[in-house]
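**Student:** Quick one, input01.tsv (TSV, C-alpha atoms):
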```tsv
chain	number	residue	atom	x	y	z
A	1	MET	CA	0.00	0.00	0.00
A	2	SER	CA	1.20	3.49	-0.82
A	3	GLN	CA	1.92	5.84	2.04
A	4	VAL	CA	-0.93	8.18	2.98
A	5	LYS	CA	0.18	11.75	2.45
A	6	PRO	CA	-0.63	14.44	5.04
A	7	ARG	CA	-3.24	17.18	4.88
A	8	VAL	CA	-2.12	20.60	3.64
A	9	LEU	CA	-3.99	23.88	4.12
A	10	VAL	CA	-3.68	26.49	1.37
A	11	THR	CA	-5.04	29.93	2.25
A	12	GLY	CA	-6.63	32.14	-0.39
A	13	ALA	CA	-7.47	29.08	-2.49
A	14	SER	CA	-9.01	31.00	-5.41
A	15	GLY	CA	-5.90	33.12	-5.96
A	16	TYR	CA	-3.69	32.89	-9.05
A	17	ILE	CA	-0.69	31.31	-7.28
A	18	ALA	CA	-2.82	29.27	-4.86
A	19	LEU	CA	-4.68	27.54	-7.71
A	20	HIS	CA	-1.38	26.29	-9.12
A	21	ILE	CA	-0.23	25.16	-5.66
A	22	ILE	CA	-3.48	23.28	-5.04
A	23	ARG	CA	-3.39	21.56	-8.42
A	24	LEU	CA	0.19	20.44	-7.85
A	25	LEU	CA	-0.57	19.15	-4.35
A	26	LEU	CA	-3.60	17.21	-5.61
A	27	LYS	CA	-1.56	15.72	-8.46
A	28	GLU	CA	1.02	14.54	-5.93
A	29	GLY	CA	-1.66	12.85	-3.83
A	30	TYR	CA	-1.94	15.16	-0.83
A	31	HIS	CA	-5.08	15.79	1.18
A	32	VAL	CA	-5.77	19.46	0.42
A	33	ARG	CA	-7.93	21.96	2.24
A	34	GLY	CA	-8.33	25.50	0.96
A	35	THR	CA	-9.74	28.66	2.49
A	36	VAL	CA	-12.02	31.10	0.68
A	37	ARG	CA	-13.56	34.29	1.98
A	38	LYS	CA	-17.09	33.38	0.88
A	39	ILE	CA	-17.94	29.75	0.26
A	40	ASN	CA	-21.06	30.74	-1.73
A	41	ASN	CA	-19.14	32.96	-4.18
A	42	GLU	CA	-19.52	30.65	-7.17
A	43	THR	CA	-17.35	32.80	-9.45
A	44	LYS	CA	-14.35	32.36	-7.16
A	45	VAL	CA	-15.08	28.89	-5.77
A	46	LYS	CA	-15.99	27.00	-8.97
A	47	PRO	CA	-12.47	27.14	-10.51
A	48	VAL	CA	-11.02	25.80	-7.25
A	49	LYS	CA	-13.43	22.87	-7.16
A	50	GLU	CA	-12.63	22.00	-10.77
A	51	ILE	CA	-8.87	22.49	-10.62
A	52	TYR	CA	-7.97	18.77	-10.58
A	53	PRO	CA	-11.02	16.50	-10.79
A	54	ASN	CA	-9.00	13.24	-10.75
A	55	SER	CA	-7.46	13.80	-7.33
A	56	ARG	CA	-6.91	10.89	-4.97
A	57	TYR	CA	-8.69	12.73	-2.17
A	58	PRO	CA	-11.52	15.25	-2.56
A	59	LEU	CA	-10.60	18.89	-2.13
A	60	GLU	CA	-11.98	20.46	1.04
A	61	LEU	CA	-13.01	24.11	1.16
A	62	VAL	CA	-13.67	26.13	4.31
A	63	GLU	CA	-14.62	29.75	4.87
A	64	ALA	CA	-12.05	32.01	6.55
A	65	ASP	CA	-11.27	35.70	6.13
A	66	LEU	CA	-7.88	37.26	6.93
A	67	CYS	CA	-9.70	40.20	8.53
A	68	ALA	CA	-11.69	38.06	11.01
A	69	ASP	CA	-10.85	35.46	13.67
A	70	ASP	CA	-13.68	33.07	12.84
A	71	GLY	CA	-12.86	29.91	10.95
A	72	TRP	CA	-9.08	29.72	11.28
A	73	ILE	CA	-8.89	27.05	14.00
A	74	LYS	CA	-11.26	24.88	11.96
A	75	ALA	CA	-9.22	25.53	8.81
A	76	VAL	CA	-5.89	24.53	10.38
A	77	GLN	CA	-7.18	21.58	12.42
A	78	ASP	CA	-5.47	18.25	11.51
A	79	CYS	CA	-3.19	19.89	8.93
A	80	GLU	CA	0.50	18.95	8.96
A	81	PHE	CA	1.53	21.75	6.60
A	82	VAL	CA	0.08	25.21	6.01
A	83	ILE	CA	0.81	27.24	2.88
A	84	HIS	CA	-0.21	30.83	3.58
A	85	ALA	CA	-0.63	32.21	0.07
A	86	ALA	CA	-3.45	34.69	0.69
A	87	SER	CA	-2.49	38.36	0.57
A	88	PRO	CA	-3.73	41.51	-1.20
A	89	PHE	CA	-1.86	42.81	-4.27
A	90	PRO	CA	-3.25	46.14	-5.55
A	91	ASN	CA	-2.67	47.72	-8.97
A	92	THR	CA	-3.26	51.23	-7.61
A	93	SER	CA	-2.22	52.96	-4.40
A	94	PRO	CA	-4.66	52.11	-1.58
A	95	LYS	CA	-6.67	54.97	-0.05
A	96	GLN	CA	-5.25	54.00	3.32
A	97	ILE	CA	-2.20	51.83	4.08
A	98	THR	CA	-4.37	49.86	6.52
A	99	ASP	CA	-6.24	48.50	3.49
A	100	LEU	CA	-3.12	46.41	2.86
A	101	MET	CA	-1.64	46.14	6.34
A	102	VAL	CA	-4.66	44.61	8.07
A	103	PRO	CA	-5.11	41.58	5.80
A	104	ALA	CA	-1.38	41.15	5.16
A	105	VAL	CA	-0.08	41.54	8.71
A	106	GLU	CA	-3.02	40.78	10.98
A	107	GLY	CA	-4.12	38.00	8.63
A	108	THR	CA	-0.68	36.38	8.87
A	109	LYS	CA	-0.87	36.57	12.67
A	110	ARG	CA	-4.28	34.89	12.65
A	111	VAL	CA	-3.04	32.00	10.54
A	112	LEU	CA	0.12	31.50	12.62
A	113	LYS	CA	-1.78	31.73	15.90
A	114	ALA	CA	-4.19	29.03	14.73
A	115	CYS	CA	-1.22	26.86	13.74
A	116	ALA	CA	0.27	27.21	17.22
A	117	GLU	CA	-3.01	26.50	18.98
A	118	THR	CA	-3.98	23.37	17.05
A	119	GLY	CA	-0.64	21.64	17.54
A	120	THR	CA	-0.69	19.51	14.39
A	121	VAL	CA	1.27	21.81	12.08
A	122	LYS	CA	4.92	20.89	11.46
A	123	ARG	CA	5.82	23.62	8.97
A	124	VAL	CA	4.29	26.81	7.57
A	125	ILE	CA	5.26	28.02	4.09
A	126	LEU	CA	4.65	31.75	3.73
A	127	THR	CA	4.22	33.45	0.36
A	128	SER	CA	6.16	36.68	0.69
A	129	SER	CA	7.68	38.76	-2.11
A	130	MET	CA	10.93	40.10	-3.51
A	131	SER	CA	9.44	43.40	-2.29
A	132	ALA	CA	10.37	42.25	1.21
A	133	VAL	CA	13.96	41.70	0.04
A	134	HIS	CA	14.30	45.01	-1.80
A	135	GLY	CA	11.11	46.99	-2.32
A	136	GLU	CA	12.58	50.47	-2.49
A	137	ASN	CA	12.34	52.40	-5.74
A	138	SER	CA	16.03	53.28	-5.60
A	139	VAL	CA	18.67	50.67	-6.42
A	140	GLU	CA	22.35	50.31	-5.61
A	141	SER	CA	24.35	50.14	-8.84
A	142	GLY	CA	25.53	46.61	-9.61
A	143	LYS	CA	23.92	45.16	-6.51
A	144	ILE	CA	22.44	41.65	-6.69
A	145	TYR	CA	20.02	41.19	-3.80
A	146	ASP	CA	19.72	37.89	-1.94
A	147	GLU	CA	17.86	36.37	1.02
A	148	ARG	CA	19.99	38.24	3.54
A	149	ASP	CA	18.62	41.58	2.31
A	150	TRP	CA	15.52	43.27	3.72
A	151	SER	CA	13.53	46.28	2.57
A	152	ASN	CA	14.16	49.32	4.77
A	153	LEU	CA	10.97	50.18	6.68
A	154	ASP	CA	12.44	53.56	7.63
A	155	SER	CA	12.70	54.56	3.99
A	156	SER	CA	10.11	56.90	2.48
A	157	ASP	CA	11.04	55.16	-0.79
A	158	LEU	CA	8.91	52.12	0.10
A	159	ASP	CA	5.38	51.88	-1.30
A	160	ALA	CA	2.39	50.49	0.61
A	161	TYR	CA	2.54	47.03	-0.95
A	162	ALA	CA	6.26	46.52	-0.28
A	163	ARG	CA	5.81	47.82	3.25
A	164	SER	CA	2.92	45.42	3.94
A	165	LYS	CA	4.84	42.40	2.59
A	166	THR	CA	7.97	43.32	4.55
A	167	VAL	CA	6.13	43.83	7.83
A	168	ALA	CA	4.06	40.66	7.34
A	169	GLU	CA	7.16	38.54	6.78
A	170	MET	CA	9.03	40.11	9.69
A	171	VAL	CA	6.02	39.52	11.94
A	172	ALA	CA	5.92	35.87	10.87
A	173	TRP	CA	9.59	35.25	11.71
A	174	LYS	CA	9.22	37.00	15.09
A	175	PHE	CA	6.03	35.09	15.91
A	176	VAL	CA	7.69	31.71	15.32
A	177	GLU	CA	10.85	32.76	17.16
A	178	ASP	CA	8.83	33.71	20.26
A	179	LEU	CA	6.73	30.53	20.39
A	180	PRO	CA	7.22	28.30	23.45
A	181	ALA	CA	8.83	24.93	22.74
A	182	GLU	CA	5.57	23.01	23.08
A	183	ASN	CA	3.94	25.11	20.32
A	184	LYS	CA	6.89	25.34	17.93
A	185	PHE	CA	6.60	24.72	14.21
A	186	GLU	CA	9.00	25.46	11.35
A	187	LEU	CA	8.68	28.43	9.02
A	188	THR	CA	9.98	28.80	5.48
A	189	VAL	CA	9.37	31.67	3.07
A	190	ILE	CA	9.02	31.99	-0.71
A	191	ASN	CA	9.94	35.38	-2.24
A	192	PRO	CA	8.84	35.59	-5.91
A	193	GLY	CA	9.16	38.54	-8.26
A	194	LEU	CA	6.60	39.52	-10.90
A	195	VAL	CA	4.60	36.30	-11.22
A	196	ILE	CA	3.41	35.38	-14.71
A	197	GLY	CA	2.57	32.12	-16.46
A	198	PRO	CA	-0.64	30.35	-17.52
A	199	VAL	CA	-3.79	31.33	-15.64
A	200	LEU	CA	-6.17	28.62	-14.45
A	201	SER	CA	-9.30	30.76	-14.32
A	202	SER	CA	-10.62	34.10	-15.54
A	203	ASN	CA	-10.05	35.51	-12.02
A	204	ILE	CA	-6.55	36.71	-12.83
A	205	GLY	CA	-3.92	38.00	-10.44
A	206	THR	CA	-2.85	41.63	-10.43
A	207	SER	CA	0.62	40.78	-11.77
A	208	ILE	CA	-0.99	39.42	-14.95
A	209	ASN	CA	-2.39	42.87	-15.77
A	210	LEU	CA	0.98	43.72	-17.33
A	211	ILE	CA	0.38	41.15	-20.09
A	212	VAL	CA	-3.30	42.13	-20.40
A	213	ARG	CA	-2.43	45.80	-20.94
A	214	LEU	CA	0.08	44.92	-23.65
A	215	MET	CA	-2.32	42.56	-25.43
A	216	ASN	CA	-5.45	44.74	-25.34
A	217	LYS	CA	-3.73	47.91	-26.57
A	218	SER	CA	-4.32	49.84	-23.33
A	219	SER	CA	-0.56	50.59	-23.24
A	220	PRO	CA	0.13	52.55	-26.49
A	221	LEU	CA	3.64	53.27	-25.23
A	222	VAL	CA	5.88	51.00	-23.17
A	223	PRO	CA	7.41	52.36	-19.93
A	224	ARG	CA	11.12	51.73	-19.40
A	225	LEU	CA	10.46	49.29	-16.57
A	226	ASN	CA	12.51	46.27	-15.57
A	227	PHE	CA	11.06	43.19	-13.88
A	228	PHE	CA	12.41	40.14	-12.05
A	229	ILE	CA	10.23	37.47	-13.66
A	230	SER	CA	8.85	34.42	-11.81
A	231	ASP	CA	6.88	31.67	-13.55
A	232	VAL	CA	3.82	30.75	-11.48
A	233	ARG	CA	4.57	27.03	-11.93
A	234	ASP	CA	8.06	27.51	-10.46
A	235	VAL	CA	6.52	29.46	-7.59
A	236	ALA	CA	3.98	26.70	-6.91
A	237	LEU	CA	6.66	24.01	-7.07
A	238	ALA	CA	8.82	26.03	-4.67
A	239	HIS	CA	6.01	26.04	-2.10
A	240	VAL	CA	5.49	22.29	-2.39
A	241	ARG	CA	9.21	21.48	-2.27
A	242	ALA	CA	9.71	23.83	0.69
A	243	MET	CA	7.19	21.80	2.72
A	244	THR	CA	9.43	18.78	3.11
A	245	ILE	CA	13.05	19.61	2.22
A	246	PRO	CA	14.89	19.77	5.57
A	247	GLU	CA	17.30	22.52	4.40
A	248	ALA	CA	14.35	24.79	3.55
A	249	ALA	CA	13.27	25.16	7.18
A	250	GLY	CA	14.02	28.55	8.69
A	251	GLN	CA	15.08	30.05	5.35
A	252	ARG	CA	13.88	32.50	2.71
A	253	HIS	CA	13.92	31.51	-0.97
A	254	ILE	CA	14.00	33.98	-3.85
A	255	VAL	CA	12.16	32.36	-6.77
A	256	GLY	CA	12.51	33.70	-10.30
A	257	SER	CA	14.03	33.22	-13.73
A	258	GLY	CA	15.77	36.55	-14.31
A	259	ASN	CA	15.27	40.12	-15.48
A	260	LEU	CA	13.48	41.53	-18.51
A	261	TRP	CA	12.62	45.03	-19.64
A	262	MET	CA	8.96	45.67	-20.41
A	263	LYS	CA	9.96	46.49	-24.00
A	264	ASP	CA	11.41	42.96	-24.32
A	265	ILE	CA	8.15	41.51	-23.00
A	266	ALA	CA	6.17	43.55	-25.53
A	267	TYR	CA	8.47	42.48	-28.37
A	268	THR	CA	8.12	38.80	-27.40
A	269	LEU	CA	4.33	39.16	-27.57
A	270	TRP	CA	4.54	41.07	-30.86
A	271	LYS	CA	6.61	38.34	-32.52
A	272	GLU	CA	4.09	35.67	-31.51
A	273	PHE	CA	0.76	37.44	-31.95
A	274	SER	CA	1.11	40.19	-34.58
A	275	SER	CA	0.49	37.65	-37.35
A	276	GLN	CA	-2.60	36.44	-35.47
A	277	GLY	CA	-4.38	39.78	-35.58
A	278	TYR	CA	-3.19	41.25	-32.27
A	279	TRP	CA	-1.52	44.64	-32.18
A	280	ILE	CA	1.11	45.06	-29.46
A	281	PHE	CA	2.82	48.43	-29.06
A	282	THR	CA	6.60	48.28	-28.59
A	283	SER	CA	7.67	51.95	-28.63
A	284	LEU	CA	9.18	53.33	-25.43
A	285	ALA	CA	7.24	55.97	-23.50
A	286	PRO	CA	9.08	59.23	-22.76
A	287	TYR	CA	9.15	60.01	-19.03
A	288	PHE	CA	7.25	63.29	-19.41
A	289	VAL	CA	4.36	61.43	-21.08
A	290	LEU	CA	4.11	58.99	-18.17
A	291	TRP	CA	4.28	61.89	-15.71
A	292	ALA	CA	1.34	63.58	-17.44
A	293	VAL	CA	-0.70	60.36	-17.61
A	294	SER	CA	-0.11	59.70	-13.89
A	295	PHE	CA	-2.50	62.54	-13.02
A	296	VAL	CA	-5.43	60.64	-14.55
A	297	ASP	CA	-4.21	57.02	-14.13
A	298	LYS	CA	-3.08	56.34	-10.57
A	299	SER	CA	-1.53	52.99	-11.55
A	300	VAL	CA	1.04	54.96	-13.57
A	301	SER	CA	1.98	57.05	-10.53
A	302	LEU	CA	3.12	53.82	-8.83
A	303	ILE	CA	5.73	53.11	-11.50
A	304	LEU	CA	7.23	56.57	-12.07
A	305	PRO	CA	9.97	56.24	-9.40
A	306	ARG	CA	11.05	52.89	-10.88
A	307	ILE	CA	11.54	54.05	-14.48
A	308	GLY	CA	14.97	53.01	-15.78
A	309	ASN	CA	15.99	51.03	-12.68
A	310	GLU	CA	17.07	47.37	-12.89
A	311	TYR	CA	16.53	45.26	-9.75
A	312	LYS	CA	18.54	42.01	-9.78
A	313	PHE	CA	18.08	39.08	-7.41
A	314	ASN	CA	20.07	35.93	-6.68
A	315	ASN	CA	18.08	32.70	-7.26
A	316	GLU	CA	20.75	30.19	-6.21
A	317	ARG	CA	18.75	28.85	-3.24
A	318	MET	CA	15.84	28.14	-5.57
A	319	LYS	CA	18.13	26.04	-7.78
A	320	ASN	CA	20.44	24.45	-5.20
A	321	VAL	CA	18.14	23.92	-2.20
A	322	LEU	CA	14.71	23.50	-3.78
A	323	GLY	CA	16.13	21.83	-6.89
A	324	ILE	CA	14.16	23.97	-9.35
A	325	THR	CA	15.45	24.91	-12.79
A	326	PRO	CA	13.71	28.20	-13.68
A	327	LYS	CA	11.53	28.25	-16.75
A	328	CYS	CA	12.35	30.21	-19.89
A	329	MET	CA	11.01	33.74	-19.47
A	330	GLU	CA	9.91	34.07	-23.10
A	331	GLU	CA	7.84	30.88	-22.83
A	332	SER	CA	6.31	32.13	-19.57
A	333	ILE	CA	5.23	35.33	-21.34
A	334	LEU	CA	3.69	33.54	-24.31
A	335	GLU	CA	1.91	30.91	-22.22
A	336	THR	CA	0.43	33.67	-20.07
A	337	ALA	CA	-1.02	35.39	-23.13
A	338	HIS	CA	-2.34	32.16	-24.66
A	339	SER	CA	-4.10	31.22	-21.41
A	340	LEU	CA	-5.66	34.69	-21.13
A	341	ILE	CA	-7.10	34.24	-24.62
A	342	GLU	CA	-8.39	30.74	-23.82
A	343	TYR	CA	-10.13	31.97	-20.66
A	344	GLY	CA	-11.72	34.92	-22.47
A	345	VAL	CA	-9.83	37.66	-20.63
A	346	ILE	CA	-8.44	38.73	-24.02
A	347	PRO	CA	-10.67	38.30	-27.11
A	348	LYS	CA	-10.01	35.26	-29.30
A	349	LEU	CA	-9.52	36.63	-32.82
A	350	GLU	CA	-10.21	34.73	-36.04
A	351	LYS	CA	-6.49	34.26	-36.83
A	352	TYR	CA	-5.61	33.07	-33.32
A	353	LYS	CA	-3.56	29.85	-33.15
A	354	PRO	CA	-3.93	27.99	-29.82
A	355	LYS	CA	-0.87	26.74	-27.99
A	356	LYS	CA	-0.98	24.36	-25.03
A	357	PRO	CA	1.20	25.30	-22.02
A	358	GLN	CA	4.19	23.08	-21.32
A	359	ASN	CA	4.56	21.05	-18.10
A	360	GLU	CA	0.95	21.39	-17.06
```
Turn the structure described in the file into structure tokens.
**Tutor:**
Amino acid sequence: MSQVKPRVLVTGASGYIALHIIRLLLKEGYHVRGTVRKINNETKVKPVKEIYPNSRYPLELVEADLCADDGWIKAVQDCEFVIHAASPFPNTSPKQITDLMVPAVEGTKRVLKACAETGTVKRVILTSSMSAVHGENSVESGKIYDERDWSNLDSSDLDAYARSKTVAEMVAWKFVEDLPAENKFELTVINPGLVIGPVLSSNIGTSINLIVRLMNKSSPLVPRLNFFISDVRDVALAHVRAMTIPEAAGQRHIVGSGNLWMKDIAYTLWKEFSSQGYWIFTSLAPYFVLWAVSFVDKSVSLILPRIGNEYKFNNERMKNVLGITPKCMEESILETAHSLIEYGVIPKLEKYKPKKPQNE
């Protein structure tokens, strides 16, 4: 008889990254329980229920909200591992920083407290961000950031999202450090960059909006922005590997393939889709144009301080500890776009030629 695998809780089950994590866990034969904010929200819940219909064990769903105490003990009960993937990711500046801080920081505390109280959890895997490694707009010339680096909370150069991710991760490490011996569990952290790759539902993550804007012609000019690219399948695999690899305990793990300029992303899309009827702009946007647009489009105001800066990160722990070879960035870009077309987020034109994602 094959060994019975333990139960894993994945928070924010309907999220872009969480869906990939859940599908991978189900494929590997784990008992999986996911949390959703509203169990009767069919739009969000249906894709989760259908994510891997041939699973060995049925997927469990429970209701739990990061902004409320109710439901978390029930969610964590009998779970050996907890993957805390739920967290807000805005595409505009929040009206108040508490709009991000409360679910990110207080939500993390709620999950960790429930883990300590139930006593069954051996390890928690926290989805953090490269923004907690270096989230400032400024960059040190030639610097390659690694897991020893932290965003500076005293800096005015830190936006609300980076601040919330940094504080949430710091709070998690401190919480586990301060636990009494009888309540101890291990913590490991995954720090991805800009996460792209095939979507598994029409409820897309905020990071995917970059590809959407390029494909639907809402970006007539391309900002001179640089991104550290992470394929969502690598990110999901990192979470699953980090559950059981002994060397992953007590460590952070930067997960990503490398850096690309937005112009390179646009050109990759143009090469693939221009012959299929899609028009992708590839001309660079002058800074003064972006500055003017920022007064009417608040999402543009978020990127202005980052124009022209290249933020590089070391992914050696991903490769050497988690044993993950990062996916080709160009393929990640194209598979993102193809999946968006298949799920109806981007219109399917008459000349469109479908392409199945690799390593599904």
**Student:** For Leu302 of chain A, which residue out of A:Glu42, A:Glu331, A:Asp69, A:Asp159 is the nearest one, using all atoms listed in the file?
**Tutor:**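 Of A:Glu42, A:Glu331, A:Asp69, A:Asp159, the one nearest Leu302 of chain A, counting all atoms listed in the file, is A:Asp159.
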**Student:** At a cut-off of 12 Å, can you tabulate as a tab-separated table every residue of segment 46-157 of chain A near segment 227-244 of chain A together with its closest atom pair and the distance in Å to one decimal, using all atoms listed in the file and ordering rows by chain then number?
**Tutor:**
```
residue	atom	partner	partner_atom	distance
A:Glu80	CA	A:Met243	CA	9.6
A:Phe81	CA	A:Met243	CA	6.9
A:Val82	CA	A:Met243	CA	8.5
A:Ile83	CA	A:His239	CA	7.3
A:His84	CA	A:His239	CA	9.7
A:Ala85	CA	A:His239	CA	9.3
A:Val121	CA	A:Met243	CA	11.1
A:Lys122	CA	A:Met243	CA	9.1
A:Arg123	CA	A:Met243	CA	6.7
A:Val124	CA	A:Met243	CA	7.6
A:Ile125	CA	A:His239	CA	6.5
A:Leu126	CA	A:His239	CA	8.3
A:Thr127	CA	A:His239	CA	8.0
A:Ser128	CA	A:Val235	CA	11.0
A:Ser129	CA	A:Ser230	CA	10.7
A:Met130	CA	A:Phe228	CA	8.7
A:Ser131	CA	A:Phe228	CA	10.7
A:His134	CA	A:Phe228	CA	11.5
A:Gly135	CA	A:Phe228	CA	12.0
A:Ile144	CA	A:Phe228	CA	11.5
A:Tyr145	CA	A:Phe228	CA	11.3
```
**Student:** Have a look at A:Glu63, A:Met215, A:Pro286, A:Leu194 and name the one nearest to Tyr267 of chain A; count only C-alpha atoms.
**Tutor:** A:Met215
**Student:** A:Glu106, A:Glu272, A:Glu335, A:Asp146: which is nearest Lys351 of chain A, counting only C-alpha atoms?
**Tutor:**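 Residue with the minimum atom-to-atom distance to Lys351 of chain A: A:Glu272.
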**Student:** Residues within 12 Å of segment 199-206 of chain A, please, as a ChimeraX atom specification. Count all atoms listed in the file; anything in the same chain fewer than 6 positions from it doesn't count.
**Tutor:** /A:12-23,42-52,86-92,212-213,231-233,299,332-346,357,360
**Student:** What does the distance between atom CA of Lys263 of chain A and atom CA of Arg306 of chain A come to in Å, to one decimal place?
**Tutor:**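 Between these atoms lies a distance of 14.6 Å.
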**Student:** Contacts of segment 110-115 of chain A at 12 Å or less, counting only C-alpha atoms, minus same-chain residues fewer than 6 places along, as a ChimeraX atom specification?
**Tutor:** /A:8-12,35,64-87,102-104,121-126,168-169,171-179,183-187
**Student:** So what do you get for atom CA of Ser155 of chain A versus atom CA of Asn209 of chain A, distance-wise?
**Tutor:**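 Distance reported for this atom pair: 27.5 Å.
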**Student:** Take atom CA of Ala266 of chain A and atom CA of Leu214 of chain A and report the distance between them in Å, one decimal.
**Tutor:** 6.5 Å
**Student:** Measuring atom to atom with all atoms listed in the file, identify which of A:Val105, A:Leu59, A:Ile280, A:Ile190 is nearest to Met170 of chain A.
**Tutor:**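 Comparing A:Val105, A:Leu59, A:Ile280, A:Ile190 against Met170 of chain A, the winner is A:Val105.
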**Student:** Check the smallest atom-to-atom distance from each of A:Gly29, A:Gly256, A:Pro58, A:Pro220 to Pro326 of chain A using only C-alpha atoms, then report the winner.
**Tutor:**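 Residue with the minimum atom-to-atom distance to Pro326 of chain A: A:Gly256.
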**Student:** Which of these, A:Met101, A:Leu322, A:Leu284, A:Val32, has the shortest distance to Arg252 of chain A once you count only C-alpha atoms?
**Tutor:**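 Residue with the minimum atom-to-atom distance to Arg252 of chain A: A:Leu322.
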**Student:** Reconstruct segment 100-117 of chain A at the level of N, CA and C atoms, and format the result as a short mmCIF file (atom, residue, chain, number, x, y, z; two decimals), keeping the file's coordinate frame.
**Tutor:**
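Final file, out.cif:
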```
data_model
loop_
_atom_site.label_atom_id
_atom_site.label_comp_id
_atom_site.auth_asym_id
_atom_site.auth_seq_id
_atom_site.Cartn_x
_atom_site.Cartn_y
_atom_site.Cartn_z
N LEU A 100 -4.05 47.50 3.14
CA LEU A 100 -3.12 46.41 2.86
C LEU A 100 -2.58 45.78 4.14
N MET A 101 -2.28 46.62 5.13
CA MET A 101 -1.64 46.14 6.34
C MET A 101 -2.51 45.16 7.13
N VAL A 102 -3.80 45.46 7.24
CA VAL A 102 -4.66 44.61 8.07
C VAL A 102 -4.73 43.18 7.54
N PRO A 103 -5.09 42.96 6.27
CA PRO A 103 -5.11 41.58 5.80
C PRO A 103 -3.73 40.94 5.71
N ALA A 104 -2.72 41.72 5.33
CA ALA A 104 -1.38 41.15 5.16
C ALA A 104 -0.74 40.80 6.50
N VAL A 105 -0.78 41.73 7.43
CA VAL A 105 -0.08 41.54 8.71
C VAL A 105 -0.96 40.83 9.73
N GLU A 106 -2.14 41.40 10.00
CA GLU A 106 -3.02 40.78 10.98
C GLU A 106 -3.51 39.42 10.50
N GLY A 107 -3.72 39.29 9.19
CA GLY A 107 -4.12 38.00 8.63
C GLY A 107 -3.05 36.94 8.84
N THR A 108 -1.79 37.31 8.63
CA THR A 108 -0.68 36.38 8.87
C THR A 108 -0.64 35.95 10.33
N LYS A 109 -0.85 36.89 11.24
CA LYS A 109 -0.87 36.57 12.67
C LYS A 109 -1.98 35.58 12.99
N ARG A 110 -3.14 35.79 12.39
CA ARG A 110 -4.28 34.89 12.65
C ARG A 110 -3.96 33.46 12.21
N VAL A 111 -3.38 33.32 11.04
CA VAL A 111 -3.04 32.00 10.54
C VAL A 111 -2.00 31.33 11.44
N LEU A 112 -0.95 32.06 11.80
CA LEU A 112 0.12 31.50 12.62
C LEU A 112 -0.37 31.17 14.03
N LYS A 113 -1.23 31.99 14.58
CA LYS A 113 -1.78 31.73 15.90
C LYS A 113 -2.60 30.44 15.89
N ALA A 114 -3.40 30.25 14.85
CA ALA A 114 -4.19 29.03 14.73
C ALA A 114 -3.28 27.82 14.62
N CYS A 115 -2.17 27.95 13.87
CA CYS A 115 -1.22 26.86 13.74
C CYS A 115 -0.63 26.47 15.09
N ALA A 116 -0.30 27.47 15.90
CA ALA A 116 0.27 27.21 17.22
C ALA A 116 -0.74 26.57 18.16
N GLU A 117 -1.99 26.98 18.06
CA GLU A 117 -3.01 26.50 18.98
C GLU A 117 -3.45 25.07 18.67
#
```
